[in-house]
file my_file-v7.txt (compact mmCIF, C-alpha atoms and all ligand atoms)
# COMPACT_ATOMS: atom_id res chain seq x y z
CA MET A 843 27.58 15.93 3.10
CA LYS A 844 25.69 14.91 -0.05
CA PRO A 845 27.47 12.51 -2.38
CA ALA A 846 27.84 13.49 -6.03
CA ARG A 847 26.25 10.17 -6.92
CA LEU A 848 24.89 7.37 -4.76
CA VAL A 849 24.98 3.69 -5.71
CA ILE A 850 22.98 1.23 -3.62
CA ILE A 851 23.61 -2.45 -4.24
CA GLY A 852 20.94 -4.69 -2.75
CA LEU A 853 21.80 -8.30 -1.94
CA ASP A 854 18.53 -9.94 -0.96
CA GLY A 855 18.77 -11.96 2.23
CA VAL A 856 22.56 -12.02 2.47
CA PRO A 857 23.55 -12.28 6.14
CA PHE A 858 26.28 -10.15 7.71
CA GLY A 859 28.32 -13.22 8.65
CA MET A 860 28.17 -14.79 5.21
CA LEU A 861 29.30 -11.61 3.46
CA LYS A 862 32.18 -11.26 5.90
CA ASP A 863 33.08 -14.92 5.43
CA PHE A 864 33.06 -14.64 1.61
CA ALA A 865 35.04 -11.39 1.71
CA GLN A 866 37.70 -12.86 3.96
CA THR A 867 38.04 -16.22 2.21
CA GLY A 868 38.53 -14.89 -1.31
CA ILE A 869 35.10 -15.71 -2.70
CA MET A 870 34.29 -11.97 -2.85
CA PRO A 871 37.63 -10.14 -3.23
CA ASN A 872 36.08 -6.91 -4.52
CA THR A 873 33.68 -6.75 -1.60
CA ASN A 874 36.65 -7.39 0.66
CA ARG A 875 38.52 -4.44 -0.81
CA ILE A 876 35.51 -2.13 -0.43
CA MET A 877 34.98 -3.38 3.12
CA GLN A 878 38.47 -2.31 4.24
CA ASP A 879 37.59 1.39 4.40
CA ALA A 880 33.85 1.03 4.81
CA PHE A 881 31.43 1.19 7.69
CA PHE A 882 30.13 -2.38 7.96
CA THR A 883 27.54 -3.51 10.49
CA PRO A 884 24.89 -6.12 11.16
CA MET A 885 21.44 -4.66 10.58
CA ARG A 886 17.95 -5.58 11.77
CA SER A 887 15.25 -6.40 9.26
CA ALA A 888 11.64 -5.31 9.24
CA ILE A 889 8.96 -6.80 11.49
CA PRO A 890 8.04 -9.31 10.10
CA GLU A 891 11.35 -10.15 8.43
CA ILE A 892 10.10 -10.65 4.90
CA SER A 893 11.34 -9.10 1.69
CA CYS A 894 8.32 -7.01 0.71
CA VAL A 895 8.07 -5.33 4.13
CA ALA A 896 11.82 -4.84 4.43
CA TRP A 897 12.40 -3.42 0.94
CA SER A 898 9.34 -1.17 1.29
CA SER A 899 11.00 0.23 4.44
CA ILE A 900 14.37 0.64 2.69
CA ILE A 901 12.96 2.58 -0.27
CA THR A 902 10.69 4.81 1.84
CA GLY A 903 12.67 5.17 5.09
CA VAL A 904 9.52 4.68 7.16
CA ASN A 905 7.90 1.86 9.13
CA PRO A 906 4.98 -0.31 7.93
CA GLY A 907 2.49 1.82 9.90
CA GLN A 908 3.40 4.62 7.51
CA HIS A 909 4.08 2.76 4.23
CA GLY A 910 1.21 0.31 4.66
CA VAL A 911 2.94 -2.93 3.56
CA PHE A 912 2.76 -5.55 6.33
CA GLY A 913 3.20 -8.79 4.37
CA PHE A 914 2.96 -10.60 1.03
CA ILE A 915 -0.73 -11.09 1.66
CA ASP A 916 -3.17 -8.86 3.42
CA ILE A 917 -6.89 -8.72 3.98
CA ASN A 918 -9.15 -5.90 2.94
CA PRO A 919 -10.33 -3.89 5.95
CA GLY A 920 -13.57 -5.23 7.39
CA SER A 921 -13.36 -8.54 5.55
CA TYR A 922 -11.44 -11.81 5.25
CA LYS A 923 -10.84 -11.14 1.57
CA MET A 924 -7.20 -11.70 0.73
CA LYS A 925 -5.18 -9.42 -1.47
CA PHE A 926 -1.58 -9.30 -2.61
CA PRO A 927 -0.26 -5.80 -2.00
CA ASN A 928 1.87 -4.34 -4.79
CA PHE A 929 3.58 -1.02 -5.50
CA ASN A 930 0.17 0.68 -5.79
CA ASP A 931 -0.48 -0.18 -2.14
CA LEU A 932 2.71 1.49 -0.93
CA LYS A 933 1.42 4.59 0.87
CA ALA A 934 4.70 6.47 1.39
CA PRO A 935 6.82 8.05 -1.37
CA THR A 936 10.00 6.26 -2.42
CA PHE A 937 13.34 8.06 -2.27
CA TRP A 938 13.48 8.22 -6.06
CA GLU A 939 10.19 10.12 -6.13
CA GLN A 940 11.58 12.78 -3.81
CA CYS A 941 15.17 13.07 -4.94
CA ARG A 942 17.18 15.44 -6.99
CA GLY A 943 18.05 14.22 -10.47
CA ASN A 944 17.41 10.87 -12.13
CA SER A 945 17.49 7.45 -10.59
CA VAL A 946 18.04 4.00 -12.08
CA ILE A 947 16.21 1.40 -10.00
CA ILE A 948 16.64 -2.25 -10.96
CA ASN A 949 14.85 -5.25 -9.51
CA VAL A 950 13.81 -3.96 -6.09
CA PRO A 951 11.10 -6.34 -4.75
CA SER A 952 7.52 -5.07 -4.36
CA THR A 953 7.87 -2.21 -6.85
CA TYR A 954 5.50 -3.61 -9.51
CA PRO A 955 3.78 -2.12 -11.46
CA VAL A 956 6.19 0.71 -12.31
CA ARG A 957 4.90 4.25 -12.66
CA HIS A 958 6.31 7.43 -14.09
CA MET A 959 9.51 8.63 -12.44
CA ASN A 960 12.66 10.50 -13.41
CA GLY A 961 14.99 7.90 -14.84
CA VAL A 962 14.69 4.14 -15.19
CA HIS A 963 12.69 1.71 -13.09
CA ILE A 964 12.69 -2.07 -13.66
CA SER A 965 10.47 -3.68 -11.04
CA GLY A 966 11.41 -6.83 -9.10
CA PHE A 967 9.65 -9.76 -7.45
CA VAL A 968 6.60 -10.06 -7.92
CA SER A 969 6.47 -8.65 -11.47
CA ILE A 970 3.83 -10.16 -13.69
CA ASP A 971 3.57 -8.36 -17.03
CA ILE A 972 6.85 -7.19 -18.53
CA ASN A 973 5.09 -4.21 -20.10
CA LYS A 974 4.21 -2.93 -16.63
CA SER A 975 7.67 -3.70 -15.27
CA MET A 976 9.80 -1.18 -17.11
CA HIS A 977 9.88 2.59 -17.21
CA PRO A 978 10.35 3.95 -19.81
CA ALA A 979 8.39 1.33 -21.76
CA SER A 980 10.82 1.68 -24.67
CA LEU A 981 13.28 -0.37 -22.60
CA VAL A 982 11.21 -3.54 -22.92
CA PRO A 983 12.54 -4.66 -26.34
CA GLN A 984 16.05 -3.48 -25.47
CA LEU A 985 16.24 -5.51 -22.29
CA GLN A 986 14.55 -8.48 -23.93
CA ASN A 987 17.42 -8.41 -26.42
CA LEU A 988 19.73 -8.91 -23.44
CA ASP A 989 17.61 -11.93 -22.45
CA TYR A 990 16.53 -10.01 -19.33
CA ARG A 991 14.32 -12.00 -16.94
CA LEU A 992 12.18 -10.39 -14.28
CA ASP A 993 12.75 -13.30 -11.95
CA VAL A 994 14.26 -16.73 -11.62
CA ASN A 995 11.84 -19.58 -12.27
CA ALA A 996 11.80 -21.11 -8.79
CA GLN A 997 9.32 -23.73 -9.97
CA LYS A 998 12.31 -25.42 -11.61
CA ALA A 999 13.81 -26.19 -8.22
CA HIS A 1000 10.93 -28.54 -7.55
CA GLU A 1001 11.78 -30.45 -10.74
CA SER A 1002 15.55 -30.43 -10.49
CA LEU A 1003 18.12 -28.35 -8.63
CA ASP A 1004 20.40 -28.48 -11.69
CA LEU A 1005 17.73 -26.82 -13.83
CA PHE A 1006 17.09 -24.28 -11.07
CA LEU A 1007 20.78 -23.39 -10.81
CA GLU A 1008 21.02 -23.03 -14.58
CA ASP A 1009 18.02 -20.69 -14.59
CA LEU A 1010 19.41 -18.77 -11.60
CA ASP A 1011 22.72 -18.26 -13.38
CA GLN A 1012 21.10 -17.15 -16.64
CA THR A 1013 18.91 -14.72 -14.73
CA LEU A 1014 21.96 -13.28 -12.94
CA THR A 1015 23.96 -12.99 -16.18
CA ALA A 1016 21.13 -11.06 -17.83
CA ARG A 1017 20.65 -8.88 -14.76
CA ILE A 1018 24.33 -7.92 -14.79
CA LYS A 1019 24.12 -7.14 -18.53
CA ALA A 1020 21.15 -4.89 -17.83
CA VAL A 1021 23.07 -3.14 -15.04
CA GLU A 1022 25.99 -2.50 -17.43
CA TYR A 1023 23.66 -1.30 -20.18
CA LEU A 1024 21.71 1.03 -17.90
CA TRP A 1025 24.83 2.52 -16.27
CA ASP A 1026 25.35 4.77 -19.30
CA TYR A 1027 21.74 4.85 -20.50
CA THR A 1028 20.95 8.12 -18.76
CA GLU A 1029 22.59 10.70 -16.54
CA TRP A 1030 21.73 9.68 -12.96
CA GLN A 1031 22.28 10.66 -9.31
CA THR A 1032 21.18 7.38 -7.76
CA PHE A 1033 21.71 3.88 -9.14
CA MET A 1034 20.20 0.90 -7.34
CA PRO A 1035 20.69 -2.62 -8.70
CA THR A 1036 19.27 -5.37 -6.49
CA PHE A 1037 20.29 -9.01 -6.69
CA THR A 1038 17.50 -11.30 -5.53
CA GLY A 1039 18.70 -14.71 -6.75
CA THR A 1040 20.66 -14.87 -3.48
CA ASP A 1041 17.39 -15.21 -1.54
CA ARG A 1042 16.16 -18.04 -3.79
CA LEU A 1043 19.51 -19.78 -3.67
CA MET A 1044 19.60 -19.66 0.13
CA HIS A 1045 16.01 -20.88 0.49
CA PHE A 1046 16.73 -24.00 -1.54
CA LEU A 1047 20.40 -24.55 -0.83
CA PHE A 1048 21.45 -23.02 2.48
CA ASP A 1049 22.72 -26.50 3.35
CA ALA A 1050 25.08 -26.28 0.36
CA TYR A 1051 26.66 -23.16 1.87
CA GLU A 1052 27.36 -24.79 5.22
CA ASP A 1053 28.56 -28.15 3.92
CA ALA A 1054 31.75 -27.99 1.84
CA GLY A 1055 31.12 -31.55 0.69
CA HIS A 1056 27.66 -30.74 -0.63
CA LYS A 1057 27.05 -31.47 -4.32
CA TYR A 1058 26.11 -27.84 -4.95
CA HIS A 1059 28.61 -26.13 -2.61
CA ASN A 1060 30.67 -24.78 -5.47
CA ALA A 1061 27.61 -23.67 -7.43
CA PHE A 1062 26.56 -21.74 -4.33
CA LEU A 1063 29.94 -20.01 -4.10
CA GLU A 1064 29.99 -19.39 -7.85
CA HIS A 1065 26.81 -17.32 -7.63
CA PHE A 1066 28.47 -15.03 -5.09
CA ARG A 1067 31.73 -14.88 -7.07
CA LYS A 1068 29.79 -13.64 -10.05
CA ILE A 1069 27.93 -11.01 -8.03
CA ASP A 1070 31.24 -9.89 -6.53
CA LYS A 1071 32.68 -9.40 -9.99
CA ALA A 1072 29.70 -7.18 -10.87
CA ILE A 1073 30.24 -5.26 -7.59
CA GLY A 1074 33.90 -4.78 -8.53
CA ASP A 1075 32.97 -3.47 -11.98
CA ILE A 1076 30.55 -0.97 -10.47
CA HIS A 1077 33.03 0.11 -7.79
CA SER A 1078 35.78 0.71 -10.36
CA LYS A 1079 33.55 3.22 -12.17
CA LEU A 1080 32.87 5.34 -9.07
CA ALA A 1081 34.50 8.70 -8.50
CA GLU A 1082 36.04 9.90 -5.23
CA ASP A 1083 32.95 11.85 -4.11
CA ASP A 1084 30.45 9.11 -5.00
CA VAL A 1085 29.09 6.91 -2.21
CA LEU A 1086 28.42 3.18 -2.38
CA ILE A 1087 25.95 1.54 -0.01
CA MET A 1088 25.53 -2.23 0.04
CA LEU A 1089 22.79 -3.82 2.09
CA SER A 1090 20.49 -6.78 2.55
CA ASP A 1091 16.86 -6.78 3.64
CA HIS A 1092 17.05 -9.64 6.18
CA GLY A 1093 19.44 -12.37 7.17
CA PHE A 1094 19.33 -16.09 6.51
CA GLU A 1095 20.01 -19.25 8.46
CA LYS A 1096 19.49 -22.98 8.35
CA LEU A 1097 15.86 -24.05 8.49
CA GLU A 1098 15.15 -26.90 10.90
CA LYS A 1099 11.36 -26.92 10.95
CA ASP A 1100 8.38 -25.13 9.50
CA VAL A 1101 5.82 -24.34 12.21
CA TYR A 1102 2.19 -23.77 11.23
CA VAL A 1103 0.82 -21.11 13.54
CA ASN A 1104 -2.83 -21.56 12.50
CA HIS A 1105 -2.59 -25.26 13.28
CA LEU A 1106 -1.64 -24.33 16.82
CA LEU A 1107 -4.52 -21.82 17.02
CA VAL A 1108 -6.95 -24.55 15.87
CA SER A 1109 -5.68 -27.15 18.30
CA GLU A 1110 -5.86 -24.68 21.20
CA GLY A 1111 -9.41 -23.63 20.33
CA PHE A 1112 -8.67 -20.09 19.15
CA LEU A 1113 -9.53 -20.79 15.51
CA THR A 1114 -12.50 -22.77 14.16
CA PHE A 1115 -14.05 -23.16 10.73
CA ARG A 1116 -17.64 -23.65 9.68
CA PRO A 1117 -18.67 -27.32 9.83
CA ASP A 1118 -17.60 -29.29 6.73
CA ALA A 1119 -15.88 -26.26 5.21
CA GLU A 1120 -12.29 -26.16 3.99
CA PRO A 1121 -9.95 -24.45 6.45
CA SER A 1122 -9.59 -20.99 4.93
CA LEU A 1123 -10.05 -17.35 5.91
CA ASN A 1124 -13.45 -17.21 4.23
CA ASN A 1125 -14.71 -20.16 6.25
CA ILE A 1126 -13.79 -18.81 9.68
CA ASP A 1127 -16.74 -19.22 12.01
CA SER A 1128 -17.93 -16.95 14.76
CA ALA A 1129 -16.35 -18.94 17.59
CA THR A 1130 -12.92 -17.87 16.30
CA LYS A 1131 -10.87 -15.64 18.58
CA ALA A 1132 -7.73 -15.28 16.46
CA PHE A 1133 -6.17 -16.21 13.14
CA ALA A 1134 -2.74 -15.80 11.56
CA LEU A 1135 -1.55 -14.45 8.22
CA ASP A 1136 1.85 -15.29 6.79
CA PRO A 1137 4.37 -15.51 8.23
CA ALA A 1138 3.16 -15.06 11.84
CA ARG A 1139 0.92 -12.03 12.14
CA ILE A 1140 -1.83 -12.76 14.63
CA PHE A 1141 -5.16 -10.98 14.19
CA ILE A 1142 -7.79 -10.88 16.94
CA ASN A 1143 -11.16 -11.77 15.38
CA GLN A 1144 -12.80 -8.59 16.65
CA LYS A 1145 -16.54 -8.11 16.69
CA ASP A 1146 -16.62 -4.67 15.16
CA LYS A 1147 -13.91 -5.46 12.61
CA TYR A 1148 -14.63 -8.76 10.83
CA PRO A 1149 -17.78 -10.40 9.40
CA ALA A 1150 -17.58 -13.36 11.81
CA GLY A 1151 -15.91 -11.36 14.58
CA SER A 1152 -16.42 -12.69 18.09
CA VAL A 1153 -14.09 -10.82 20.44
CA ALA A 1154 -15.60 -7.71 22.01
CA GLU A 1155 -13.44 -4.68 22.71
CA ASN A 1156 -13.44 -5.38 26.47
CA GLU A 1157 -12.33 -9.01 25.89
CA LYS A 1158 -9.44 -8.14 23.64
CA GLU A 1159 -6.78 -7.69 26.33
CA THR A 1160 -7.52 -11.06 27.91
CA CYS A 1161 -7.40 -12.70 24.52
CA LEU A 1162 -4.03 -11.09 23.73
CA LYS A 1163 -2.69 -12.22 27.09
CA ASP A 1164 -3.85 -15.80 26.49
CA LEU A 1165 -2.19 -15.80 23.07
CA LYS A 1166 1.04 -14.40 24.46
CA ASN A 1167 1.09 -17.18 27.04
CA LEU A 1168 0.43 -19.76 24.37
CA PHE A 1169 3.24 -18.56 22.10
CA SER A 1170 5.80 -17.88 24.78
CA SER A 1171 5.41 -21.38 26.20
CA LEU A 1172 5.44 -23.16 22.84
CA GLU A 1173 8.18 -25.77 22.64
CA ILE A 1174 9.01 -28.27 19.91
CA ASP A 1175 11.52 -31.06 20.52
CA GLY A 1176 12.31 -29.41 23.84
CA LYS A 1177 13.22 -26.11 22.17
CA LYS A 1178 11.54 -22.77 22.59
CA VAL A 1179 9.96 -21.72 19.26
CA ILE A 1180 9.09 -18.02 19.61
CA LYS A 1181 11.81 -15.47 20.34
CA HIS A 1182 9.86 -12.19 20.21
CA ILE A 1183 6.18 -11.41 20.53
CA TYR A 1184 5.52 -7.83 19.46
CA ARG A 1185 2.31 -5.89 19.94
CA LYS A 1186 1.62 -3.70 16.95
CA GLN A 1187 1.62 -0.44 18.89
CA ASP A 1188 5.12 -1.27 20.19
CA VAL A 1189 6.67 -1.61 16.74
CA TYR A 1190 4.54 0.45 14.35
CA THR A 1191 3.44 4.07 14.24
CA GLY A 1192 1.38 5.81 11.62
CA PRO A 1193 -1.98 6.01 9.91
CA TYR A 1194 -2.09 2.39 8.64
CA ILE A 1195 -1.48 0.65 11.96
CA ASP A 1196 -5.11 -0.59 11.96
CA ASN A 1197 -4.24 -2.98 9.13
CA ALA A 1198 -1.41 -4.60 11.08
CA GLY A 1199 -1.67 -7.88 12.94
CA ASP A 1200 -2.32 -7.44 16.68
CA LEU A 1201 0.71 -9.57 17.51
CA ILE A 1202 3.74 -10.22 15.34
CA LEU A 1203 5.90 -13.23 16.17
CA ILE A 1204 9.59 -13.71 15.43
CA ALA A 1205 10.91 -17.26 15.67
CA GLU A 1206 13.89 -18.69 17.50
CA ASN A 1207 16.80 -19.96 15.38
CA GLY A 1208 15.90 -22.77 13.01
CA PHE A 1209 12.13 -22.38 13.23
CA ASN A 1210 10.22 -20.95 10.28
CA LEU A 1211 6.74 -19.65 11.09
CA LYS A 1212 4.03 -20.09 8.48
CA GLY A 1213 0.48 -18.83 8.15
CA ALA A 1214 -1.03 -21.47 5.83
CA MET A 1215 -4.34 -22.78 7.19
CA THR A 1216 -4.41 -26.15 5.47
CA SER A 1217 -1.54 -27.89 7.25
CA LYS A 1218 -2.63 -31.04 9.03
CA GLU A 1219 0.39 -30.98 11.33
CA LEU A 1220 1.98 -28.38 13.58
CA THR A 1221 5.39 -28.90 12.01
CA ALA A 1222 6.68 -29.98 8.64
CA LYS A 1223 9.84 -29.95 6.60
CA GLY A 1224 9.35 -28.74 3.03
CA PRO A 1225 11.89 -28.36 0.20
CA PHE A 1226 13.58 -25.30 1.72
CA THR A 1227 16.80 -25.60 3.73
CA GLY A 1228 17.17 -21.90 4.57
CA LYS A 1229 14.95 -19.31 6.22
CA HIS A 1230 14.92 -15.56 6.83
CA THR A 1231 16.19 -14.02 10.05
CA TYR A 1232 15.27 -10.73 11.70
CA GLU A 1233 18.80 -10.26 12.98
CA ASN A 1234 21.94 -10.18 10.84
CA ALA A 1235 21.04 -8.44 7.66
CA PHE A 1236 23.99 -6.17 6.81
CA LEU A 1237 24.70 -2.55 5.93
CA MET A 1238 27.92 -1.33 4.35
CA ILE A 1239 28.68 2.31 3.56
CA SER A 1240 31.81 3.15 1.58
CA ASN A 1241 32.24 6.68 2.91
CA GLN A 1242 32.47 6.95 6.71
CA ASN A 1243 31.65 10.69 6.55
CA VAL A 1244 28.01 10.04 5.68
CA VAL A 1245 27.42 7.46 8.43
CA PRO A 1246 24.89 8.77 10.95
CA ASP A 1247 25.09 8.11 14.69
CA PHE A 1248 23.08 4.93 15.08
CA ASP A 1249 22.18 4.61 18.81
CA ASP A 1250 21.78 0.88 18.43
CA LEU A 1251 22.12 -1.60 15.58
CA PRO A 1252 20.51 0.05 12.55
CA THR A 1253 17.31 -1.34 11.06
CA VAL A 1254 16.17 -1.37 7.44
CA ILE A 1255 14.12 1.73 8.30
CA ASP A 1256 17.30 3.55 9.42
CA ALA A 1257 19.00 2.50 6.18
CA GLY A 1258 16.04 3.86 4.22
CA ALA A 1259 16.09 7.13 6.15
CA LEU A 1260 19.82 7.47 5.42
CA ILE A 1261 19.26 6.84 1.70
CA LYS A 1262 16.50 9.43 1.69
CA SER A 1263 18.70 12.01 3.41
CA LEU A 1264 21.54 11.41 0.94
CA THR A 1265 19.31 11.69 -2.12
CA SER A 1266 16.86 14.41 -1.10
CA ASP A 1267 16.95 18.03 -2.24
CA ASN A 1268 17.16 19.57 1.18
ZN ZN B 1301 14.45 -10.76 0.96
call {"tool": "encode", "arguments": {"input": "my_file-v7.txt", "output": "structure tokens"}}
result
Amino acid sequence: MKPARLVIIGLDGVPFGMLKDFAQTGIMPNTNRIMQDAFFTPMRSAIPEISCVAWSSIITGVNPGQHGVFGFIDINPGSYKMKFPNFNDLKAPTFWEQCRGNSVIINVPSTYPVRHMNGVHISGFVSIDINKSMHPASLVPQLQNLDYRLDVNAQKAHESLDLFLEDLDQTLTARIKAVEYLWDYTEWQTFMPTFTGTDRLMHFLFDAYEDAGHKYHNAFLEHFRKIDKAIGDIHSKLAEDDVLIMLSDHGFEKLEKDVYVNHLLVSEGFLTFRPDAEPSLNNIDSATKAFALDPARIFINQKDKYPAGSVAENEKETCLKDLKNLFSSLEIDGKKVIKHIYRKQDVYTGPYIDNAGDLILIAENGFNLKGAMTSKELTAKGPFTGKHTYENAFLMISNQNVVPDFDDLPTVIDAGALIKSLTSDN
């Protein structure tokens, strides 16, 4: 069955348990009402569990080996030269480029710069130039009139959490105004507003969610109340044969400790830099066996692949085994740090698999893996109190008739494939 119209509401980073909690305790009454008749399940994120990889999977319905986005940073093939992949690097078509009718796509991460499509596209995090963030371009002055902001200014959180919360709220208000304005702007078949302030809020203030006595507990709840009101407004405008999907791209939980993977690789002799050089990708020396890119993608420094490559093809397996042993035995404060160690061929398929890390690590609860090379310690505690999780994103589908038979818990790729099947011509 194809819905007359499909609405997809993205809630960046919102965990299954939190949504259920807010629905049941009256913070999100509209969501609660929708939930009563809906299919509602925990969902698995992408590997690794970061927004750009997960949303790229949701909008294409395919895995990173096919859509080509493996992280917020990548290196050009055959070099250590870093690049920041954007929408131009997405190698698979999005559902709105293959669907019947017009789409209205608002604030989906990693969709900058926008390109021609049928309908409206406002790109999300990371959008740089507003003129390259809106299609059609004539929307720029109209949305600026609504005080539309491409993103919350997270820098403010480092100055003051009050200023950050004010900015977060203004950004949400303007986003909701844009959603209302664009609802009737054009005839559409698919409408996808994505709320991303939730991710920022949980990074800085996950502790305020858990602690009812926290200074910002109510501000935290207020953000979700406001989103729920917008969800209610959207839901009230839907017809019987329309379908509403709500979903998040990954879960969230309390952050106990940041763990710097490259620091571990240095201290265990896998990663070395040229004498007297800053620790950076460009200064890797030829004794290096492996290095990590954010958040925890481990690349073997292969001879035929990188300028200072040292590991020959016939040494690669041993090196991978040594690394697996290192990561699986890593403990901090008596706790195991790494939950899953995936080899790329076990989790990715497709023409771009060569660009993937050789191992991808997923952390145990509380640990946040980081790829920065400059950390002088293995662990640290920065300003964040929340971190992404691979488990416990959520998927909600208002009409049970369109729910496919998921063999196991669905992943963001399954959600993307469902969206594609509901919006496609055939
Ligand atoms: Zn996210």
call {"tool": "residues_near_ligand", "arguments": {"input": "my_file-v7.txt", "ligand": "ligand ZN 1301 (chain B)", "cutoff": "9 Å", "atoms": "only C-alpha atoms and all ligand atoms", "output": "list in words"}}
result
Leu853, Asp854, Gly855, Val856, Glu891, Ile892, Ser893, Cys894, Val895, Ala896, Trp897, Pro951, Thr1038, Thr1040, Asp1041, Arg1042, Ser1090, Asp1091, His1092, Gly1093 and His1230 of chain A
call {"tool": "atom_distance", "arguments": {"input": "my_file-v7.txt", "atom1": "CA of Met870 in chain A", "atom2": "CA of His1077 in chain A"}}
result
13.1 Å
call {"tool": "residues_around", "arguments": {"input": "my_file-v7.txt", "residues": "Cys941 in chain A", "least_positions_apart": "4", "cutoff": "6 Å", "atoms": "all atoms listed in the file", "output": "ChimeraX atom specification"}}
result
/A:937,1265-1267
call {"tool": "residues_around", "arguments": {"input": "my_file-v7.txt", "residues": "range 986-988 of chain A", "least_positions_apart": "3", "cutoff": "8 Å", "atoms": "only C-alpha atoms", "output": "VMD selection string"}}
result
chain A and resid 982 to 983 991 1016 1019 to 1020
call {"tool": "write_last_selection", "arguments": {"input": "my_file-v7.txt", "atoms": "C-alpha atoms", "output": "PDB file, in the coordinates of the input"}}
result
ATOM      1  CA  VAL A 982      11.210  -3.540 -22.920  1.00  0.00           C
ATOM      2  CA  PRO A 983      12.540  -4.660 -26.340  1.00  0.00           C
ATOM      3  CA  ARG A 991      14.320 -12.000 -16.940  1.00  0.00           C
ATOM      4  CA  ALA A1016      21.130 -11.060 -17.830  1.00  0.00           C
ATOM      5  CA  LYS A1019      24.120  -7.140 -18.530  1.00  0.00           C
ATOM      6  CA  ALA A1020      21.150  -4.890 -17.830  1.00  0.00           C
TER       7      ALA A1020
END
call {"tool": "residues_around", "arguments": {"input": "my_file-v7.txt", "residues": "Gln1144 in chain A", "least_positions_apart": "6", "cutoff": "6 Å", "atoms": "only C-alpha atoms", "output": "number ranges by chain"}}
result
A: 1151-1153
call {"tool": "closest_residue", "arguments": {"input": "my_file-v7.txt", "among": "A:Pro1225, A:Pro927, A:Pro1193, A:Gly1055", "to": "Val904 in chain A", "atoms": "only C-alpha atoms"}}
result
A:Pro1193
call {"tool": "residues_around", "arguments": {"input": "my_file-v7.txt", "residues": "range 1108-1110 of chain A", "least_positions_apart": "6", "cutoff": "9 Å", "atoms": "only C-alpha atoms", "output": "ChimeraX atom specification"}}
result
/A:1130,1133,1168
call {"tool": "atom_distance", "arguments": {"input": "my_file-v7.txt", "atom1": "CA of Phe1248 in chain A", "atom2": "CA of Gly966 in chain A"}}
result
29.3 Å
call {"tool": "residues_around", "arguments": {"input": "my_file-v7.txt", "residues": "range 1079-1083 of chain A", "least_positions_apart": "2", "cutoff": "7 Å", "atoms": "all atoms listed in the file", "output": "MDAnalysis selection string"}}
result
chainID A and resid 845:846 1075:1077 1085
call {"tool": "write_last_selection", "arguments": {"input": "my_file-v7.txt", "atoms": "C-alpha atoms", "output": "compact mmCIF listing (two decimals), keeping the file's coordinate frame"}}
result
# COMPACT_ATOMS: atom_id res chain seq x y z
CA PRO A 845 27.47 12.51 -2.38
CA ALA A 846 27.84 13.49 -6.03
CA ASP A 1075 32.97 -3.47 -11.98
CA ILE A 1076 30.55 -0.97 -10.47
CA HIS A 1077 33.03 0.11 -7.79
CA VAL A 1085 29.09 6.91 -2.21
call {"tool": "closest_residue", "arguments": {"input": "my_file-v7.txt", "among": "A:Leu1010, A:Met860, A:Ile1018, A:Leu1003", "to": "Asn949 in chain A", "atoms": "all atoms listed in the file"}}
result
A:Ile1018
call {"tool": "atom_distance", "arguments": {"input": "my_file-v7.txt", "atom1": "CA of Ser980 in chain A", "atom2": "CA of Ile850 in chain A"}}
result
24.3 Å
call {"tool": "closest_residue", "arguments": {"input": "my_file-v7.txt", "among": "A:Leu1043, A:Ile917, A:Met959, A:Leu1135", "to": "Glu1064 in chain A", "atoms": "all atoms listed in the file"}}
result
A:Leu1043
call {"tool": "closest_residue", "arguments": {"input": "my_file-v7.txt", "among": "A:Asn973, A:Leu1123, A:Ile964, A:Lys1166", "to": "Lys925 in chain A", "atoms": "only C-alpha atoms"}}
result
A:Leu1123
call {"tool": "build_atoms", "arguments": {"input": "my_file-v7.txt", "residues": "range 1202-1207 of chain A", "atoms": "N, CA, C and O atoms", "output": "PDB file, keeping the file's coordinate frame"}}
result
ATOM      1  N   ILE A1202       2.842  -9.750  16.394  1.00  0.00           N
ATOM      2  CA  ILE A1202       3.740 -10.220  15.340  1.00  0.00           C
ATOM      3  C   ILE A1202       4.815 -11.065  16.021  1.00  0.00           C
ATOM      4  O   ILE A1202       5.454 -10.610  16.962  1.00  0.00           O
ATOM      5  N   LEU A1203       4.972 -12.295  15.535  1.00  0.00           N
ATOM      6  CA  LEU A1203       5.900 -13.230  16.170  1.00  0.00           C
ATOM      7  C   LEU A1203       7.185 -13.345  15.358  1.00  0.00           C
ATOM      8  O   LEU A1203       7.149 -13.363  14.133  1.00  0.00           O
ATOM      9  N   ILE A1204       8.297 -13.424  16.061  1.00  0.00           N
ATOM     10  CA  ILE A1204       9.590 -13.710  15.430  1.00  0.00           C
ATOM     11  C   ILE A1204      10.106 -15.001  16.056  1.00  0.00           C
ATOM     12  O   ILE A1204      10.098 -15.156  17.273  1.00  0.00           O
ATOM     13  N   ALA A1205      10.546 -15.920  15.206  1.00  0.00           N
ATOM     14  CA  ALA A1205      10.910 -17.260  15.670  1.00  0.00           C
ATOM     15  C   ALA A1205      12.325 -17.337  16.219  1.00  0.00           C
ATOM     16  O   ALA A1205      13.194 -16.529  15.871  1.00  0.00           O
ATOM     17  N   GLU A1206      12.529 -18.335  17.055  1.00  0.00           N
ATOM     18  CA  GLU A1206      13.890 -18.690  17.500  1.00  0.00           C
ATOM     19  C   GLU A1206      14.633 -19.312  16.318  1.00  0.00           C
ATOM     20  O   GLU A1206      14.027 -19.740  15.325  1.00  0.00           O
ATOM     21  N   ASN A1207      15.965 -19.409  16.453  1.00  0.00           N
ATOM     22  CA  ASN A1207      16.800 -19.960  15.380  1.00  0.00           C
ATOM     23  C   ASN A1207      16.290 -21.324  14.913  1.00  0.00           C
ATOM     24  O   ASN A1207      15.946 -22.178  15.720  1.00  0.00           O
TER      25      ASN A1207
END
